[in-house]
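Colleague: So here's final-v8.cif, just mmCIF, C-alpha atoms:
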```
data_target
#
loop_
_atom_site.group_PDB
_atom_site.id
_atom_site.type_symbol
_atom_site.label_atom_id
_atom_site.label_comp_id
_atom_site.auth_asym_id
_atom_site.auth_seq_id
_atom_site.Cartn_x
_atom_site.Cartn_y
_atom_site.Cartn_z
ATOM 1 C CA MET U 1 78.084 -1.895 69.463
ATOM 2 C CA MET U 2 79.739 -4.284 70.731
ATOM 3 C CA ARG U 3 78.558 -6.125 73.334
ATOM 4 C CA LYS U 4 80.579 -6.689 76.162
ATOM 5 C CA LYS U 5 80.917 -10.041 77.059
ATOM 6 C CA ASP U 6 79.653 -10.605 80.380
ATOM 7 C CA ILE U 7 81.972 -12.345 82.555
ATOM 8 C CA TYR U 8 80.325 -14.531 84.913
ATOM 9 C CA ILE U 9 82.196 -15.567 87.974
ATOM 10 C CA ASN U 10 80.929 -18.599 89.576
ATOM 11 C CA LEU U 11 80.470 -17.405 93.094
ATOM 12 C CA LEU U 12 78.377 -20.380 93.770
ATOM 13 C CA ALA U 13 81.321 -22.618 94.501
ATOM 14 C CA ALA U 14 82.651 -20.264 97.141
ATOM 15 C CA GLU U 15 79.191 -19.791 98.518
ATOM 16 C CA MET U 16 78.652 -23.481 98.465
ATOM 17 C CA GLU U 17 81.974 -23.908 100.158
ATOM 18 C CA LYS U 18 80.799 -21.479 102.822
ATOM 19 C CA GLN U 19 77.524 -23.282 103.147
ATOM 20 C CA ARG U 20 79.288 -26.606 103.230
ATOM 21 C CA ALA U 21 81.697 -25.328 105.879
ATOM 22 C CA HIS U 22 78.772 -23.826 107.721
ATOM 23 C CA ARG U 23 76.870 -27.125 107.462
ATOM 24 C CA GLN U 24 79.911 -29.054 108.567
ATOM 25 C CA GLY U 25 80.314 -26.695 111.495
ATOM 26 C CA ARG U 26 76.668 -27.149 112.413
ATOM 27 C CA PHE U 27 77.031 -30.886 111.991
ATOM 28 C CA MET U 28 80.056 -30.886 114.239
ATOM 29 C CA VAL U 29 78.255 -28.769 116.831
ATOM 30 C CA VAL U 30 75.204 -31.041 116.669
ATOM 31 C CA LEU U 31 77.440 -34.094 116.799
ATOM 32 C CA ALA U 32 79.311 -32.640 119.789
ATOM 33 C CA LEU U 33 75.999 -31.854 121.507
ATOM 34 C CA VAL U 34 74.698 -35.357 120.790
ATOM 35 C CA VAL U 35 77.917 -36.863 122.169
ATOM 36 C CA VAL U 36 77.754 -34.619 125.260
ATOM 37 C CA TYR U 37 74.077 -35.394 125.847
ATOM 38 C CA ALA U 38 74.660 -39.095 125.243
ATOM 39 C CA GLY U 39 77.591 -39.046 127.672
ATOM 40 C CA MET U 40 75.510 -37.202 130.246
ATOM 41 C CA ALA U 41 72.664 -39.694 129.734
ATOM 42 C CA CYS U 42 75.091 -42.585 130.212
ATOM 43 C CA LEU U 43 76.536 -40.993 133.329
ATOM 44 C CA GLY U 44 73.031 -40.291 134.596
ATOM 45 C CA TRP U 45 72.039 -43.913 133.944
ATOM 46 C CA VAL U 46 75.158 -45.175 135.708
ATOM 47 C CA PHE U 47 74.542 -42.881 138.693
ATOM 48 C CA TYR U 48 70.868 -43.912 138.749
ATOM 49 C CA GLN U 49 71.852 -47.598 138.733
ATOM 50 C CA GLU U 50 74.420 -47.024 141.469
ATOM 51 C CA ARG U 51 71.920 -45.079 143.578
ATOM 52 C CA THR U 52 69.281 -47.800 143.065
ATOM 53 C CA ARG U 53 71.794 -50.485 144.002
ATOM 54 C CA ALA U 54 72.861 -48.473 147.049
ATOM 55 C CA TYR U 55 69.225 -48.080 148.154
ATOM 56 C CA HIS U 56 68.640 -51.774 147.578
ATOM 57 C CA ASP U 57 71.805 -52.644 149.516
ATOM 58 C CA SER U 58 70.826 -50.339 152.378
ATOM 59 C CA ASP U 59 67.320 -51.854 152.450
ATOM 60 C CA THR U 60 68.864 -55.318 152.495
ATOM 61 C CA LEU U 61 71.242 -54.319 155.280
ATOM 62 C CA LEU U 62 68.401 -52.791 157.306
ATOM 63 C CA ARG U 63 66.280 -55.914 156.827
ATOM 64 C CA GLU U 64 69.224 -58.145 157.806
ATOM 65 C CA LYS U 65 69.908 -55.930 160.814
ATOM 66 C CA GLY U 66 66.269 -56.290 161.840
ATOM 67 C CA GLU U 67 66.462 -60.060 161.370
ATOM 68 C CA GLN U 68 69.664 -60.172 163.421
ATOM 69 C CA ALA U 69 68.002 -58.135 166.171
ATOM 70 C CA GLU U 70 65.066 -60.577 166.144
ATOM 71 C CA LEU U 71 67.466 -63.537 166.277
ATOM 72 C CA ALA U 72 69.394 -61.899 169.128
ATOM 73 C CA ARG U 73 66.130 -61.359 171.029
ATOM 74 C CA ARG U 74 65.131 -64.984 170.476
ATOM 75 C CA LEU U 75 68.602 -66.143 171.525
ATOM 76 C CA GLU U 76 68.265 -64.168 174.752
ATOM 77 C CA GLU U 77 64.858 -65.787 175.339
ATOM 78 C CA VAL U 78 66.362 -69.235 174.764
ATOM 79 C CA LYS U 79 69.270 -68.462 177.099
ATOM 80 C CA SER U 80 66.835 -67.196 179.728
ATOM 81 C CA ARG U 81 64.722 -70.344 179.426
ATOM 82 C CA GLN U 82 67.836 -72.504 179.566
ATOM 83 C CA GLU U 83 69.001 -70.747 182.739
ATOM 84 C CA LYS U 84 65.551 -71.245 184.315
ATOM 85 C CA MET U 85 65.606 -74.919 183.361
ATOM 86 C CA GLU U 86 69.115 -75.329 184.770
ATOM 87 C CA ARG U 87 68.013 -73.674 188.035
ATOM 88 C CA LYS U 88 65.006 -76.004 188.195
ATOM 89 C CA ALA U 89 67.217 -79.019 187.464
ATOM 90 C CA ASP U 90 69.592 -77.919 190.251
ATOM 91 C CA MET U 91 66.649 -77.552 192.629
ATOM 92 C CA ILE U 92 65.417 -81.030 191.709
ATOM 93 C CA GLU U 93 68.904 -82.466 192.240
ATOM 94 C CA GLN U 94 69.112 -80.766 195.627
ATOM 95 C CA LEU U 95 65.700 -82.109 196.596
ATOM 96 C CA GLU U 96 66.612 -85.596 195.415
ATOM 97 C CA ALA U 97 69.909 -85.387 197.282
ATOM 98 C CA ARG U 98 67.994 -84.700 200.487
ATOM 99 C CA ASN U 99 65.391 -87.352 199.737
ATOM 100 C CA ILE U 100 64.996 -90.373 201.975
ATOM 101 C CA VAL U 101 63.783 -93.398 200.067
ATOM 102 C CA TRP U 102 61.688 -95.144 202.704
ATOM 103 C CA THR U 103 60.789 -98.084 200.465
ATOM 104 C CA GLU U 104 64.471 -98.933 200.083
ATOM 105 C CA ILE U 105 65.024 -98.615 203.842
ATOM 106 C CA MET U 106 62.056 -100.915 204.522
ATOM 107 C CA ALA U 107 63.364 -103.441 201.972
ATOM 108 C CA GLY U 108 66.755 -103.307 203.722
ATOM 109 C CA LEU U 109 65.091 -103.919 207.090
ATOM 110 C CA GLU U 110 63.286 -106.948 205.680
ATOM 111 C CA HIS U 111 66.594 -108.506 204.659
ATOM 112 C CA ASN U 112 68.425 -107.606 207.882
ATOM 113 C CA ILE U 113 65.957 -108.937 210.458
ATOM 114 C CA PRO U 114 67.000 -112.442 211.586
ATOM 115 C CA LEU U 115 64.394 -115.210 212.038
ATOM 116 C CA GLN U 116 64.674 -115.109 215.853
ATOM 117 C CA VAL U 117 63.686 -111.398 215.975
ATOM 118 C CA TYR U 118 60.107 -110.097 216.018
ATOM 119 C CA LEU U 119 59.385 -106.404 215.618
ATOM 120 C CA THR U 120 56.602 -105.065 217.784
ATOM 121 C CA HIS U 121 56.917 -101.386 216.916
ATOM 122 C CA LEU U 122 58.484 -99.432 214.050
ATOM 123 C CA GLU U 123 58.639 -95.642 214.118
ATOM 124 C CA LEU U 124 59.850 -93.668 211.108
ATOM 125 C CA ALA U 125 60.776 -90.020 211.475
ATOM 126 C CA GLU U 126 62.704 -87.538 209.349
ATOM 127 C CA ASP U 127 65.858 -87.921 211.407
ATOM 128 C CA GLU U 128 65.550 -91.353 213.054
ATOM 129 C CA ILE U 129 64.139 -94.844 212.864
ATOM 130 C CA VAL U 130 63.165 -96.606 216.084
ATOM 131 C CA LEU U 131 62.816 -100.400 216.116
ATOM 132 C CA GLN U 132 61.275 -102.135 219.106
ATOM 133 C CA GLY U 133 60.770 -105.851 219.404
ATOM 134 C CA VAL U 134 61.510 -109.177 221.017
ATOM 135 C CA ALA U 135 64.469 -111.440 220.218
ATOM 136 C CA ALA U 136 65.126 -115.048 221.132
ATOM 137 C CA ASP U 137 68.583 -114.222 222.528
ATOM 138 C CA SER U 138 71.321 -111.608 222.575
ATOM 139 C CA ALA U 139 73.002 -113.169 219.515
ATOM 140 C CA ALA U 140 69.875 -112.409 217.455
ATOM 141 C CA VAL U 141 69.925 -108.759 218.612
ATOM 142 C CA ALA U 142 73.635 -108.560 217.783
ATOM 143 C CA SER U 143 72.951 -110.049 214.353
ATOM 144 C CA LEU U 144 70.218 -107.441 213.780
ATOM 145 C CA VAL U 145 72.507 -104.572 214.816
ATOM 146 C CA SER U 146 75.302 -105.968 212.645
ATOM 147 C CA GLY U 147 72.977 -106.196 209.623
ATOM 148 C CA LEU U 148 71.717 -102.654 210.192
ATOM 149 C CA THR U 149 75.311 -101.421 210.488
ATOM 150 C CA ASP U 150 76.174 -103.004 207.145
ATOM 151 C CA ASP U 151 73.142 -101.388 205.477
ATOM 152 C CA LEU U 152 74.422 -98.326 203.617
ATOM 153 C CA ARG U 153 71.028 -96.625 203.890
ATOM 154 C CA LEU U 154 71.330 -96.284 207.677
ATOM 155 C CA LEU U 155 73.809 -94.393 209.837
ATOM 156 C CA GLY U 156 74.989 -95.513 213.258
ATOM 157 C CA PRO U 157 72.409 -97.991 214.480
ATOM 158 C CA GLY U 158 72.684 -98.485 218.229
ATOM 159 C CA VAL U 159 70.847 -100.242 221.011
ATOM 160 C CA LEU U 160 68.951 -97.880 223.291
ATOM 161 C CA ARG U 161 67.467 -100.429 225.660
ATOM 162 C CA TYR U 162 68.027 -104.096 226.200
ATOM 163 C CA GLN U 163 66.253 -106.134 228.870
ATOM 164 C CA GLU U 164 64.827 -109.567 229.476
ATOM 165 C CA ALA U 165 61.222 -109.989 228.523
ATOM 166 C CA ALA U 166 58.580 -111.415 230.880
ATOM 167 C CA GLY U 167 58.615 -114.785 229.138
ATOM 168 C CA GLU U 168 61.429 -116.159 227.103
ATOM 169 C CA GLY U 169 63.550 -113.772 225.085
ATOM 170 C CA LEU U 170 64.851 -110.251 225.262
ATOM 171 C CA TYR U 171 63.112 -106.939 224.745
ATOM 172 C CA PHE U 172 65.162 -104.437 222.684
ATOM 173 C CA GLU U 173 64.931 -100.929 221.313
ATOM 174 C CA ILE U 174 67.283 -99.854 218.491
ATOM 175 C CA ILE U 175 67.635 -96.416 216.962
ATOM 176 C CA ALA U 176 69.255 -95.563 213.604
ATOM 177 C CA GLU U 177 69.467 -92.509 211.418
ATOM 178 C CA PRO U 178 68.402 -92.711 207.742
ATOM 179 C CA ARG U 179 71.093 -91.661 205.282
ATOM 180 C CA LEU U 180 70.057 -89.004 202.802
ATOM 181 C CA ARG U 181 70.370 -89.941 199.168
ATOM 182 C CA ASP U 182 73.366 -88.246 197.606
ATOM 183 C CA LYS U 183 75.170 -88.525 194.317
ATOM 184 C CA ASP U 184 77.999 -90.636 195.729
ATOM 185 C CA GLY U 185 76.065 -92.752 198.191
ATOM 186 C CA PRO U 186 73.498 -95.497 197.727
ATOM 187 C CA LYS U 187 70.328 -94.823 195.841
#
```
In C-alpha coordinates, what does this structure look like?

Modeller:
Amino acid sequence: MMRKKDIYINLLAAEMEKQRAHRQGRFMVVLALVVVYAGMACLGWVFYQERTRAYHDSDTLLREKGEQAELARRLEEVKSRQEKMERKADMIEQLEARNIVWTEIMAGLEHNIPLQVYLTHLELAEDEIVLQGVAADSAAVASLVSGLTDDLRLLGPGVLRYQEAAGEGLYFEIIAEPRLRDKDGPK
(Lines of atoms letter the chains of each structure in order from A and count residues from 1; the text may use other names and numbers.)
(Lines give C-alpha, C1' and ligand atoms only; values in the text may rest on other atoms or scores of the structure.)
Protein backbone atom coordinates (compact mmCIF):
# COMPACT_ATOMS: atom_id res chain seq x y z
CA MET A 1 0.00 0.00 0.00
CA MET A 2 0.92 2.96 -0.66
CA ARG A 3 1.24 5.34 1.74
CA LYS A 4 -0.25 8.50 1.32
CA LYS A 5 1.92 11.20 1.73
CA ASP A 6 0.83 13.31 4.43
CA ILE A 7 0.58 16.82 3.54
CA TYR A 8 1.42 19.03 6.28
CA ILE A 9 0.21 22.56 6.13
CA ASN A 10 2.06 24.88 8.26
CA LEU A 11 -0.73 26.47 10.19
CA LEU A 12 1.75 27.76 12.61
CA ALA A 13 2.57 30.81 10.54
CA ALA A 14 -1.05 31.87 10.38
CA GLU A 15 -1.48 31.09 14.03
CA MET A 16 1.66 32.94 14.81
CA GLU A 17 0.41 35.78 12.70
CA LYS A 18 -2.78 35.76 14.75
CA GLN A 19 -0.82 35.63 17.95
CA ARG A 20 1.48 38.35 16.73
CA ALA A 21 -1.49 40.49 15.71
CA HIS A 22 -3.12 39.67 19.01
CA ARG A 23 0.09 40.58 20.86
CA GLN A 24 0.44 43.75 18.86
CA GLY A 25 -3.15 44.62 19.65
CA ARG A 26 -2.54 43.97 23.33
CA PHE A 27 0.66 45.98 23.14
CA MET A 28 -1.19 48.84 21.51
CA VAL A 29 -3.95 48.67 24.11
CA VAL A 30 -1.39 48.57 26.93
CA LEU A 31 0.56 51.36 25.29
CA ALA A 32 -2.63 53.41 24.89
CA LEU A 33 -3.53 52.76 28.54
CA VAL A 34 -0.02 53.72 29.66
CA VAL A 35 -0.20 56.91 27.59
CA VAL A 36 -3.68 57.72 28.97
CA TYR A 37 -2.62 57.02 32.55
CA ALA A 38 0.60 58.97 32.09
CA GLY A 39 -1.35 61.88 30.62
CA MET A 40 -3.83 61.74 33.48
CA ALA A 41 -0.95 61.61 35.97
CA CYS A 42 0.65 64.63 34.31
CA LEU A 43 -2.63 66.51 34.33
CA GLY A 44 -3.18 65.51 37.95
CA TRP A 45 0.32 66.72 38.84
CA VAL A 46 -0.25 70.00 37.02
CA PHE A 47 -3.61 70.51 38.74
CA TYR A 48 -2.06 69.58 42.10
CA GLN A 49 0.75 72.10 41.55
CA GLU A 50 -1.73 74.78 40.50
CA ARG A 51 -3.95 74.08 43.51
CA THR A 52 -0.92 74.16 45.84
CA ARG A 53 0.24 77.43 44.29
CA ALA A 54 -3.27 78.86 44.58
CA TYR A 55 -3.45 77.86 48.26
CA HIS A 56 -0.01 79.33 48.84
CA ASP A 57 -1.00 82.53 47.02
CA SER A 58 -4.24 82.80 49.00
CA ASP A 59 -2.33 82.23 52.26
CA THR A 60 0.15 84.91 51.23
CA LEU A 61 -2.66 87.29 50.33
CA LEU A 62 -4.43 86.63 53.64
CA ARG A 63 -1.20 87.19 55.56
CA GLU A 64 -0.51 90.40 53.61
CA LYS A 65 -4.09 91.52 54.20
CA GLY A 66 -3.62 90.91 57.92
CA GLU A 67 -0.33 92.83 57.87
CA GLN A 68 -2.01 95.68 56.00
CA ALA A 69 -4.83 95.73 58.56
CA GLU A 70 -2.23 95.87 61.35
CA LEU A 71 -0.38 98.68 59.56
CA ALA A 72 -3.66 100.56 59.03
CA ARG A 73 -4.47 100.19 62.74
CA ARG A 74 -1.01 101.46 63.68
CA LEU A 75 -1.35 104.34 61.21
CA GLU A 76 -4.64 105.32 62.82
CA GLU A 77 -2.95 105.21 66.24
CA VAL A 78 -0.14 107.43 64.96
CA LYS A 79 -2.63 109.85 63.40
CA SER A 80 -4.59 109.93 66.65
CA ARG A 81 -1.44 110.63 68.65
CA GLN A 82 -0.39 113.29 66.16
CA GLU A 83 -3.79 115.00 66.45
CA LYS A 84 -3.54 114.93 70.26
CA MET A 85 -0.04 116.39 70.10
CA GLU A 86 -1.19 119.10 67.69
CA ARG A 87 -4.09 119.97 70.02
CA LYS A 88 -1.66 120.15 72.96
CA ALA A 89 0.74 122.30 70.93
CA ASP A 90 -2.16 124.63 70.03
CA MET A 91 -3.15 124.84 73.69
CA ILE A 92 0.43 125.67 74.66
CA GLU A 93 0.60 128.34 71.96
CA GLN A 94 -2.67 129.83 73.19
CA LEU A 95 -1.41 129.83 76.77
CA GLU A 96 1.88 131.39 75.72
CA ALA A 97 0.03 133.98 73.66
CA ARG A 98 -1.89 135.01 76.77
CA ASN A 99 1.21 134.91 78.95
CA ILE A 100 2.53 138.04 80.60
CA VAL A 101 6.28 137.93 81.06
CA TRP A 102 6.69 139.89 84.28
CA THR A 103 10.48 139.63 84.30
CA GLU A 104 10.63 141.41 80.95
CA ILE A 105 8.21 144.10 82.17
CA MET A 106 10.32 144.64 85.31
CA ALA A 107 13.50 144.86 83.20
CA GLY A 108 11.75 147.44 81.00
CA LEU A 109 10.75 149.45 84.08
CA GLU A 110 14.35 149.43 85.29
CA HIS A 111 15.50 151.02 82.04
CA ASN A 112 12.64 153.53 81.83
CA ILE A 113 12.82 155.05 85.32
CA PRO A 114 14.85 158.30 85.23
CA LEU A 115 17.39 159.10 87.98
CA GLN A 116 15.17 161.83 89.49
CA VAL A 117 12.28 159.37 90.09
CA TYR A 118 11.93 157.13 93.15
CA LEU A 119 9.29 154.42 93.28
CA THR A 120 7.59 153.99 96.61
CA HIS A 121 5.00 151.40 95.61
CA LEU A 122 4.65 148.94 92.73
CA GLU A 123 1.50 146.87 92.29
CA LEU A 124 1.29 144.15 89.66
CA ALA A 125 -2.07 142.70 88.69
CA GLU A 126 -3.33 140.60 85.78
CA ASP A 127 -4.78 143.60 83.99
CA GLU A 128 -2.82 146.60 85.32
CA ILE A 129 0.41 147.87 86.79
CA VAL A 130 0.29 150.72 89.29
CA LEU A 131 3.43 152.78 89.95
CA GLN A 132 3.53 155.21 92.84
CA GLY A 133 6.50 157.34 93.75
CA VAL A 134 8.17 160.70 94.14
CA ALA A 135 9.85 162.69 91.36
CA ALA A 136 12.15 165.68 91.52
CA ASP A 137 10.02 167.65 89.04
CA SER A 138 7.31 167.35 86.42
CA ALA A 139 9.90 166.81 83.66
CA ALA A 140 11.04 163.61 85.40
CA VAL A 141 7.43 162.34 85.57
CA ALA A 142 6.96 163.22 81.89
CA SER A 143 10.18 161.39 81.04
CA LEU A 144 8.93 158.33 82.96
CA VAL A 145 5.56 158.38 81.16
CA SER A 146 7.31 158.84 77.82
CA GLY A 147 9.62 155.87 78.49
CA LEU A 148 6.68 153.70 79.56
CA THR A 149 4.78 154.72 76.41
CA ASP A 150 7.72 153.66 74.24
CA ASP A 151 7.93 150.28 76.01
CA LEU A 152 6.19 147.76 73.75
CA ARG A 153 5.35 145.53 76.72
CA LEU A 154 2.94 148.12 78.17
CA LEU A 155 -0.27 149.59 76.82
CA GLY A 156 -1.47 153.13 77.45
CA PRO A 157 0.41 154.32 80.51
CA GLY A 158 -1.28 157.34 82.05
CA VAL A 159 -0.99 159.52 85.11
CA LEU A 160 -3.77 158.96 87.63
CA ARG A 161 -2.68 161.45 90.26
CA TYR A 162 -0.11 164.17 90.34
CA GLN A 163 0.46 166.46 93.32
CA GLU A 164 3.21 168.25 95.16
CA ALA A 165 4.81 166.30 97.94
CA ALA A 166 5.22 167.64 101.48
CA GLY A 167 8.91 168.38 100.94
CA GLU A 168 10.56 168.93 97.64
CA GLY A 169 9.28 167.05 94.63
CA LEU A 170 6.06 165.70 93.25
CA TYR A 171 4.00 162.70 94.25
CA PHE A 172 2.67 160.69 91.27
CA GLU A 173 0.61 157.62 90.53
CA ILE A 174 0.79 156.02 87.06
CA ILE A 175 -1.25 153.13 85.73
CA ALA A 176 -0.45 150.97 82.68
CA GLU A 177 -1.78 147.78 81.21
CA PRO A 178 0.60 144.87 80.47
CA ARG A 179 0.54 143.68 76.87
CA LEU A 180 -0.07 139.98 76.40
CA ARG A 181 2.61 138.11 74.53
CA ASP A 182 1.47 137.31 71.01
CA LYS A 183 3.12 135.94 67.92
CA ASP A 184 3.49 139.34 66.27
CA GLY A 185 4.27 141.46 69.30
CA PRO A 186 7.28 141.62 71.59
CA LYS A 187 8.40 138.57 73.46

Colleague: Can you measure CA of Ile175 in chain U to CA of Gly158 in chain U for me? One decimal in Å is fine.

Modeller: 5.6 Å

Colleague: For Leu144 in chain U, list every protein, DNA or RNA residue within 7 Å, evaluated using all atoms listed in the file, and leave out those in the same chain fewer than 5 positions away; present the list as number ranges by chain.

Modeller: U: 112-114

Colleague: Quick one: residues within 12 Å of range 121-123 of chain U, all atoms listed in the file, excluding same-chain residues fewer than 2 positions away - as a list in words?

Modeller: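 Once the adjacent positions are removed, what remains is Trp102, Met106, Leu109, Tyr118, Leu119, Ala125, Glu126, Asp127, Glu128, Ile129, Val130, Leu131, Gln132, Gly133, Val134, Tyr171, Phe172, Glu173, Ile174, Ile175, Ala176 and Glu177 of chain U.
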
Colleague: Which distance in Å separates CA of Val117 in chain U and CA of Gly156 in chain U, to one decimal?

Modeller: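 Those two atoms sit 19.7 Å apart.
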
Colleague: First collect every listed atom of range 134-145 of chain U; then fit an axis-aligned box around them, widen it by 5 Å on each side, and give centre and edge lengths in Å to one decimal, as AutoDock Vina command-line options.

Modeller:
```
--center_x 67.6 --center_y -109.8 --center_z 218.2 --size_x 22.1 --size_y 20.5 --size_z 18.8
```

Colleague: Can you measure CA of Ala89 in chain U to CA of Leu71 in chain U for me? One decimal in Å is fine.

Modeller: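 A separation of 26.2 Å between them.
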
Colleague: Hey, which of U:Glu86, U:Glu164, U:Asp59, U:Asp151 ends up closest to Ile105 in chain U? Count only C-alpha atoms.

Modeller: U:Asp151

Colleague: Return as JSON, numbers by chain the set of residues that the PyMOL selection byres ((chain U and resi 141) around 9) yields on the displayed structure.

Modeller: {"U": [114, 116, 117, 134, 135, 136, 137, 138, 139, 140, 142, 143, 144, 145, 146, 159, 170, 172]}
